[in-house]
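With PDB, C-alpha atoms inside, this is my_file.pdb:
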```
ATOM      1  CA  MET A   1      18.957   0.904 -10.917
ATOM      2  CA  ILE A   2      21.424   1.896  -8.226
ATOM      3  CA  ILE A   3      19.125   4.613  -6.832
ATOM      4  CA  ARG A   4      16.453   2.065  -5.947
ATOM      5  CA  ARG A   5      19.032  -0.245  -4.360
ATOM      6  CA  LEU A   6      20.108   2.615  -2.095
ATOM      7  CA  ALA A   7      16.757   4.303  -1.472
ATOM      8  CA  ARG A   8      14.694   1.245  -0.524
ATOM      9  CA  PRO A   9      16.917   0.178   2.406
ATOM     10  CA  MET A  10      17.039   3.801   3.557
ATOM     11  CA  LEU A  11      13.231   3.956   3.556
ATOM     12  CA  ALA A  12      12.937   0.532   5.221
ATOM     13  CA  ALA A  13      15.446   1.198   8.020
ATOM     14  CA  ILE A  14      13.060   3.205  10.203
ATOM     15  CA  PHE A  15      10.447   0.440  10.052
ATOM     16  CA  ILE A  16      12.852  -2.389  10.848
ATOM     17  CA  LYS A  17      14.319  -0.461  13.791
ATOM     18  CA  GLY A  18      10.877   0.595  15.028
ATOM     19  CA  GLY A  19       9.534  -2.960  14.762
ATOM     20  CA  VAL A  20      12.462  -4.415  16.689
ATOM     21  CA  ASP A  21      12.182  -1.691  19.359
ATOM     22  CA  THR A  22       8.471  -2.414  19.696
ATOM     23  CA  LEU A  23       9.013  -6.140  20.142
ATOM     24  CA  LEU A  24      11.680  -5.505  22.782
ATOM     25  CA  ASN A  25       9.672  -2.851  24.635
ATOM     26  CA  PRO A  26       5.981  -2.925  23.620
ATOM     27  CA  GLU A  27       4.485  -1.187  26.679
ATOM     28  CA  PRO A  28       4.750   2.469  25.522
ATOM     29  CA  ARG A  29       3.117   1.622  22.195
ATOM     30  CA  ILE A  30       0.428  -0.465  23.867
ATOM     31  CA  GLN A  31      -0.442   2.518  26.070
ATOM     32  CA  LYS A  32      -0.679   4.806  23.028
ATOM     33  CA  ALA A  33      -2.703   2.288  21.010
ATOM     34  CA  THR A  34      -5.227   1.400  23.721
ATOM     35  CA  PRO A  35      -7.404   4.562  23.519
ATOM     36  CA  LEU A  36      -7.549   4.385  19.731
ATOM     37  CA  LEU A  37      -8.436   0.697  19.797
ATOM     38  CA  GLU A  38     -11.172   1.287  22.355
ATOM     39  CA  LYS A  39     -12.749   3.793  19.964
ATOM     40  CA  ALA A  40     -12.278   1.587  16.897
ATOM     41  CA  ALA A  41     -13.151  -1.793  18.462
ATOM     42  CA  PRO A  42     -16.888  -1.720  17.622
ATOM     43  CA  SER A  43     -16.172  -1.126  13.927
ATOM     44  CA  LEU A  44     -13.414  -3.744  13.573
ATOM     45  CA  PRO A  45     -14.284  -7.097  11.991
ATOM     46  CA  GLU A  46     -14.487  -9.908  14.527
ATOM     47  CA  GLN A  47     -11.498 -11.659  12.906
ATOM     48  CA  VAL A  48      -9.208  -8.760  13.825
ATOM     49  CA  PRO A  49      -7.627  -9.108  17.266
ATOM     50  CA  SER A  50      -8.910  -6.400  19.580
ATOM     51  CA  GLU A  51      -6.288  -6.777  22.309
ATOM     52  CA  PRO A  52      -3.795  -3.885  22.134
ATOM     53  CA  HIS A  53      -0.785  -6.051  22.977
ATOM     54  CA  GLN A  54      -1.621  -8.435  20.109
ATOM     55  CA  LEU A  55      -2.093  -5.672  17.555
ATOM     56  CA  VAL A  56       1.076  -3.871  18.617
ATOM     57  CA  ARG A  57       3.088  -7.076  18.208
ATOM     58  CA  ILE A  58       1.442  -7.833  14.853
ATOM     59  CA  ASP A  59       2.230  -4.298  13.703
ATOM     60  CA  ALA A  60       5.846  -4.742  14.810
ATOM     61  CA  GLY A  61       6.073  -8.025  12.905
ATOM     62  CA  VAL A  62       4.642  -6.424   9.759
ATOM     63  CA  LYS A  63       7.152  -3.592  10.016
ATOM     64  CA  ILE A  64      10.096  -5.955  10.459
ATOM     65  CA  ALA A  65       9.009  -8.380   7.724
ATOM     66  CA  ALA A  66       7.873  -5.813   5.144
ATOM     67  CA  GLY A  67      10.776  -3.508   5.971
ATOM     68  CA  SER A  68      13.231  -6.362   5.477
ATOM     69  CA  LEU A  69      11.627  -7.317   2.153
ATOM     70  CA  LEU A  70      11.783  -3.719   0.985
ATOM     71  CA  ALA A  71      15.403  -3.386   2.112
ATOM     72  CA  ILE A  72      16.524  -6.468   0.185
ATOM     73  CA  ASN A  73      14.410  -5.537  -2.840
ATOM     74  CA  LYS A  74      12.082  -8.556  -2.667
ATOM     75  CA  PHE A  75       8.448  -7.796  -3.435
ATOM     76  CA  PRO A  76       9.110  -4.075  -2.927
ATOM     77  CA  ARG A  77       5.675  -2.928  -4.099
ATOM     78  CA  VAL A  78       3.792  -5.304  -1.790
ATOM     79  CA  ALA A  79       6.176  -4.529   1.073
ATOM     80  CA  SER A  80       5.637  -0.795   0.549
ATOM     81  CA  LEU A  81       1.859  -1.233   0.617
ATOM     82  CA  ALA A  82       2.081  -3.250   3.834
ATOM     83  CA  LEU A  83       4.263  -0.578   5.433
ATOM     84  CA  ALA A  84       1.914   2.172   4.223
ATOM     85  CA  ALA A  85      -1.040   0.342   5.774
ATOM     86  CA  SER A  86       0.957   0.006   8.984
ATOM     87  CA  VAL A  87       2.145   3.612   9.202
ATOM     88  CA  ILE A  88      -1.347   5.141   9.068
ATOM     89  CA  PRO A  89      -2.728   3.792  12.379
ATOM     90  CA  THR A  90       0.711   4.187  13.960
ATOM     91  CA  THR A  91       0.737   7.864  13.019
ATOM     92  CA  VAL A  92      -2.784   8.523  14.243
ATOM     93  CA  ALA A  93      -2.244   6.687  17.536
ATOM     94  CA  GLY A  94       1.312   7.854  18.144
ATOM     95  CA  HIS A  95       1.127  11.534  17.260
ATOM     96  CA  PRO A  96      -2.340  12.972  17.987
ATOM     97  CA  PHE A  97      -1.221  16.615  17.966
ATOM     98  CA  TRP A  98      -4.850  17.782  17.784
ATOM     99  CA  GLU A  99      -5.379  16.515  21.350
ATOM    100  CA  LYS A 100      -2.453  18.455  22.854
ATOM    101  CA  SER A 101      -3.005  21.767  24.635
ATOM    102  CA  ASP A 102       0.610  22.696  25.377
ATOM    103  CA  PRO A 103       1.911  24.613  22.313
ATOM    104  CA  ALA A 104       5.413  23.119  22.498
ATOM    105  CA  GLU A 105       4.082  19.575  22.829
ATOM    106  CA  LYS A 106       1.547  20.203  20.072
ATOM    107  CA  THR A 107       4.284  21.476  17.737
ATOM    108  CA  ALA A 108       6.523  18.484  18.485
ATOM    109  CA  GLU A 109       3.707  16.000  17.841
ATOM    110  CA  GLN A 110       2.678  17.842  14.692
ATOM    111  CA  GLN A 111       6.269  17.649  13.439
ATOM    112  CA  GLN A 112       6.341  13.879  14.021
ATOM    113  CA  PHE A 113       2.924  13.480  12.421
ATOM    114  CA  LEU A 114       4.070  15.338   9.293
ATOM    115  CA  LYS A 115       7.298  13.297   9.202
ATOM    116  CA  ASN A 116       5.204  10.128   9.113
ATOM    117  CA  VAL A 117       2.986  11.602   6.395
ATOM    118  CA  SER A 118       6.149  12.310   4.384
ATOM    119  CA  ILE A 119       7.319   8.733   4.883
ATOM    120  CA  LEU A 120       3.872   7.564   3.773
ATOM    121  CA  GLY A 121       4.348   9.566   0.573
ATOM    122  CA  GLY A 122       7.652   7.796  -0.037
ATOM    123  CA  LEU A 123       5.999   4.428   0.549
ATOM    124  CA  ILE A 124       3.241   5.240  -1.916
ATOM    125  CA  LEU A 125       5.850   6.174  -4.519
ATOM    126  CA  ALA A 126       7.705   2.919  -3.821
ATOM    127  CA  ALA A 127       4.435   0.979  -4.101
ATOM    128  CA  VAL A 128       3.681   2.304  -7.588
ATOM    129  CA  ASP A 129       7.263   2.118  -8.869
ATOM    130  CA  THR A 130       7.354  -0.416 -11.702
ATOM    131  CA  GLU A 131      11.116   0.010 -12.193
ATOM    132  CA  GLY A 132      10.574   1.197 -15.745
ATOM    133  CA  LYS A 133       8.499  -1.830 -16.681
ATOM    134  CA  PRO A 134       5.028  -1.290 -18.087
ATOM    135  CA  SER A 135       2.211  -1.314 -15.571
ATOM    136  CA  LEU A 136      -0.311  -4.133 -15.429
ATOM    137  CA  GLY A 137      -2.952  -1.775 -16.809
ATOM    138  CA  TRP A 138      -0.813  -0.965 -19.849
ATOM    139  CA  ARG A 139      -0.022  -4.644 -20.386
ATOM    140  CA  GLY A 140      -3.719  -5.516 -20.191
ATOM    141  CA  ARG A 141      -4.731  -2.813 -22.674
ATOM    142  CA  ARG A 142      -1.940  -3.877 -25.043
ATOM    143  CA  ALA A 143      -2.971  -7.527 -24.838
ATOM    144  CA  ALA A 144      -6.608  -6.548 -25.489
ATOM    145  CA  ARG A 145      -5.575  -4.536 -28.569
ATOM    146  CA  LYS A 146      -3.458  -7.414 -29.897
ATOM    147  CA  LEU A 147      -6.271  -9.872 -29.272
ATOM    148  CA  ALA A 148      -8.749  -7.577 -31.012
ATOM    149  CA  LYS A 149      -6.474  -7.265 -34.056
ATOM    150  CA  ARG A 150      -6.074 -11.036 -34.228
ATOM    151  CA  ALA A 151      -9.826 -11.532 -33.887
ATOM    152  CA  ASP A 152     -10.458  -9.007 -36.682
ATOM    153  CA  LYS A 153      -7.958 -10.794 -38.915
ATOM    154  CA  ILE A 154      -9.354 -14.266 -38.172
ATOM    155  CA  SER A 155     -12.891 -13.018 -38.560
ATOM    156  CA  GLY A 156     -12.010 -11.337 -41.852
ATOM    157  CA  ASP A 157     -10.252 -14.463 -43.087
ATOM    158  CA  LEU A 158     -13.226 -16.651 -42.209
ATOM    159  CA  THR A 159     -15.996 -14.437 -43.535
ATOM    160  CA  GLY A 160     -14.128 -12.421 -46.079
ATOM    161  CA  GLN A 161     -14.976  -9.260 -44.190
ATOM    162  CA  THR A 162     -14.230  -7.710 -40.838
ATOM    163  CA  ASP A 163     -16.988  -7.366 -38.335
ATOM    164  CA  ASP A 164     -17.154  -5.897 -34.890
ATOM    165  CA  ALA A 165     -15.699  -8.958 -33.099
ATOM    166  CA  GLY A 166     -12.442  -7.114 -32.535
ATOM    167  CA  GLU A 167     -14.288  -4.132 -31.105
ATOM    168  CA  ARG A 168     -16.265  -6.388 -28.796
ATOM    169  CA  LEU A 169     -13.050  -8.024 -27.584
ATOM    170  CA  ARG A 170     -11.456  -4.616 -27.075
ATOM    171  CA  GLU A 171     -14.469  -3.499 -25.042
ATOM    172  CA  ALA A 172     -14.336  -6.714 -22.999
ATOM    173  CA  GLY A 173     -10.612  -6.167 -22.352
ATOM    174  CA  ASP A 174     -11.272  -2.579 -21.255
ATOM    175  CA  LYS A 175     -14.072  -3.760 -18.981
ATOM    176  CA  VAL A 176     -11.774  -6.365 -17.382
ATOM    177  CA  ARG A 177      -9.071  -3.717 -16.927
ATOM    178  CA  ARG A 178     -11.542  -1.306 -15.286
ATOM    179  CA  ASN A 179     -12.751  -4.061 -12.951
ATOM    180  CA  VAL A 180      -9.192  -4.946 -11.964
ATOM    181  CA  VAL A 181      -8.344  -1.283 -11.349
ATOM    182  CA  ASP A 182     -11.545  -0.836  -9.327
ATOM    183  CA  GLY A 183     -10.726  -3.948  -7.298
ATOM    184  CA  VAL A 184      -7.228  -2.709  -6.548
ATOM    185  CA  ASP A 185      -8.596   0.724  -5.602
ATOM    186  CA  VAL A 186     -11.089  -0.879  -3.221
ATOM    187  CA  ALA A 187      -8.368  -3.077  -1.693
ATOM    188  CA  ILE A 188      -6.034  -0.126  -1.190
ATOM    189  CA  GLY A 189      -8.900   1.960   0.175
ATOM    190  CA  SER A 190      -9.823  -0.725   2.669
ATOM    191  CA  LEU A 191      -6.178  -1.031   3.750
ATOM    192  CA  ALA A 192      -5.909   2.736   4.120
ATOM    193  CA  SER A 193      -9.127   2.983   6.118
ATOM    194  CA  SER A 194      -8.037   0.222   8.513
TER     195      SER A 194
END
```
What does this structure look like when you write it as C-alpha cells?
Amino acid sequence: MIIRRLARPMLAAIFIKGGVDTLLNPEPRIQKATPLLEKAAPSLPEQVPSEPHQLVRIDAGVKIAAGSLLAINKFPRVASLALAASVIPTTVAGHPFWEKSDPAEKTAEQQQFLKNVSILGGLILAAVDTEGKPSLGWRGRRAARKLAKRADKISGDLTGQTDDAGERLREAGDKVRRNVVDGVDVAIGSLASS
C-alpha cells in the first residue's frame, strides 16, 4: 500500500540521520550515556560491552541499519523492533527531565522525552503491521483446526467412528501457539527492559 511506502521512510529518517550524526560526532552522546551505563553496568550480562563509546557506536549502527531497512521496506517488522529497542535507552539517557531543576530546561527535556515516546508508539505499530496478511497466531490456529479436521476424518475412516484425536491435536496446536506467543512476549520484554 502506498501509505506504508511513504510512512516507513518518514519514520526511519530520524534514526538514519541520528545514527550518522552519532558516528560523526559521538562525544555528546557518550557523555550522556556514561552516567546511565555506570548505574546499569552491574546488571548487564558480561557479553554486553560496558564501554560507553562502544555502546554508542553500536546504537548508531543499529539505527542506521534498521532505519535503512525500514525505509526501503525490507524486514520492516524486525527493523521496527530493533529501532524500538534502541529508542528506549536513548530516550532515558538523552532526556532525563526528572533530573532537571530549571523549569524551562525541564519542560524542554520533557517535550523531547514525549516526542521519543510518540516515535516509540509508531515503531510498535510498524512492528505489528502485517500489511493485511494474517498474523502467525491466526495461521497457526487455522493450521491446527485443519489438521484436527483431517485427523478426525482419517480416524473416522479407519475406525468407523470419530474419537477425540482431532480435539487432542487442536489442544496441542493451541498449546504450541501459546508457547510461541509467550516466547515472543518474553523476547520483546527482554528487549524493552534492556
Step by step, work through what the PyMOL selection byres ((chain A and resi 12) around 9) selects in the shown file, and finish by giving those residues as a VMD selection string. chain A and resid 7 to 11 13 to 17 63 to 64 66 to 71 80 83
Can you spell out as a ChimeraX atom specification the set of residues that the PyMOL selection byres ((chain A and resi 112-121) around 12) selects in the structure I just provided? /A:8,10-15,80-98,105-111,122-128,192
Carefully work through the PyMOL selection byres ((chain A and resi 173) around 10) for this structure and note down the residues it includes, as a ChimeraX atom specification. /A:140-145,147-148,167-172,174-179
Can you work out the spacing between atom CA of Ala40 of chain A and atom CA of Val181 of chain A in Å, to one decimal?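 Computing the Euclidean distance for atom CA of Ala40 of chain A and atom CA of Val181 of chain A yields 28.7 Å.
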Interatomic distance (Å, one decimal) between atom CA of Arg29 of chain A and atom CA of Gln54 of chain A: 11.3 Å
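Across the structure, atom CA of Lys100 of chain A and atom CA of Pro52 of chain A are spaced 22.4 Å apart.
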Rank nothing, just name the residue among A:Glu46, A:Val20, A:Val56, A:Val78 nearest to Lys32 of chain A, using only C-alpha atoms.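 Smallest separation from Lys32 of chain A among the options: A:Val56.
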Residues near Pro26 of chain A, anyone? I mean within 8 Å using all atoms listed in the file, not counting same-chain ones fewer than 5 positions away, as a compact mmCIF listing (two decimals) with C-alpha atoms, in the frame of the given file.
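Now in result_30.txt:
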```txt
# COMPACT_ATOMS: atom_id res chain seq x y z
CA ASP A 21 12.18 -1.69 19.36
CA HIS A 53 -0.78 -6.05 22.98
CA VAL A 56 1.08 -3.87 18.62
CA ARG A 57 3.09 -7.08 18.21
```
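Nearest residue to Ser50 of chain A among A:Arg5, A:Ala65, A:Thr22, A:Ile30 is A:Ile30, counting only C-alpha atoms.
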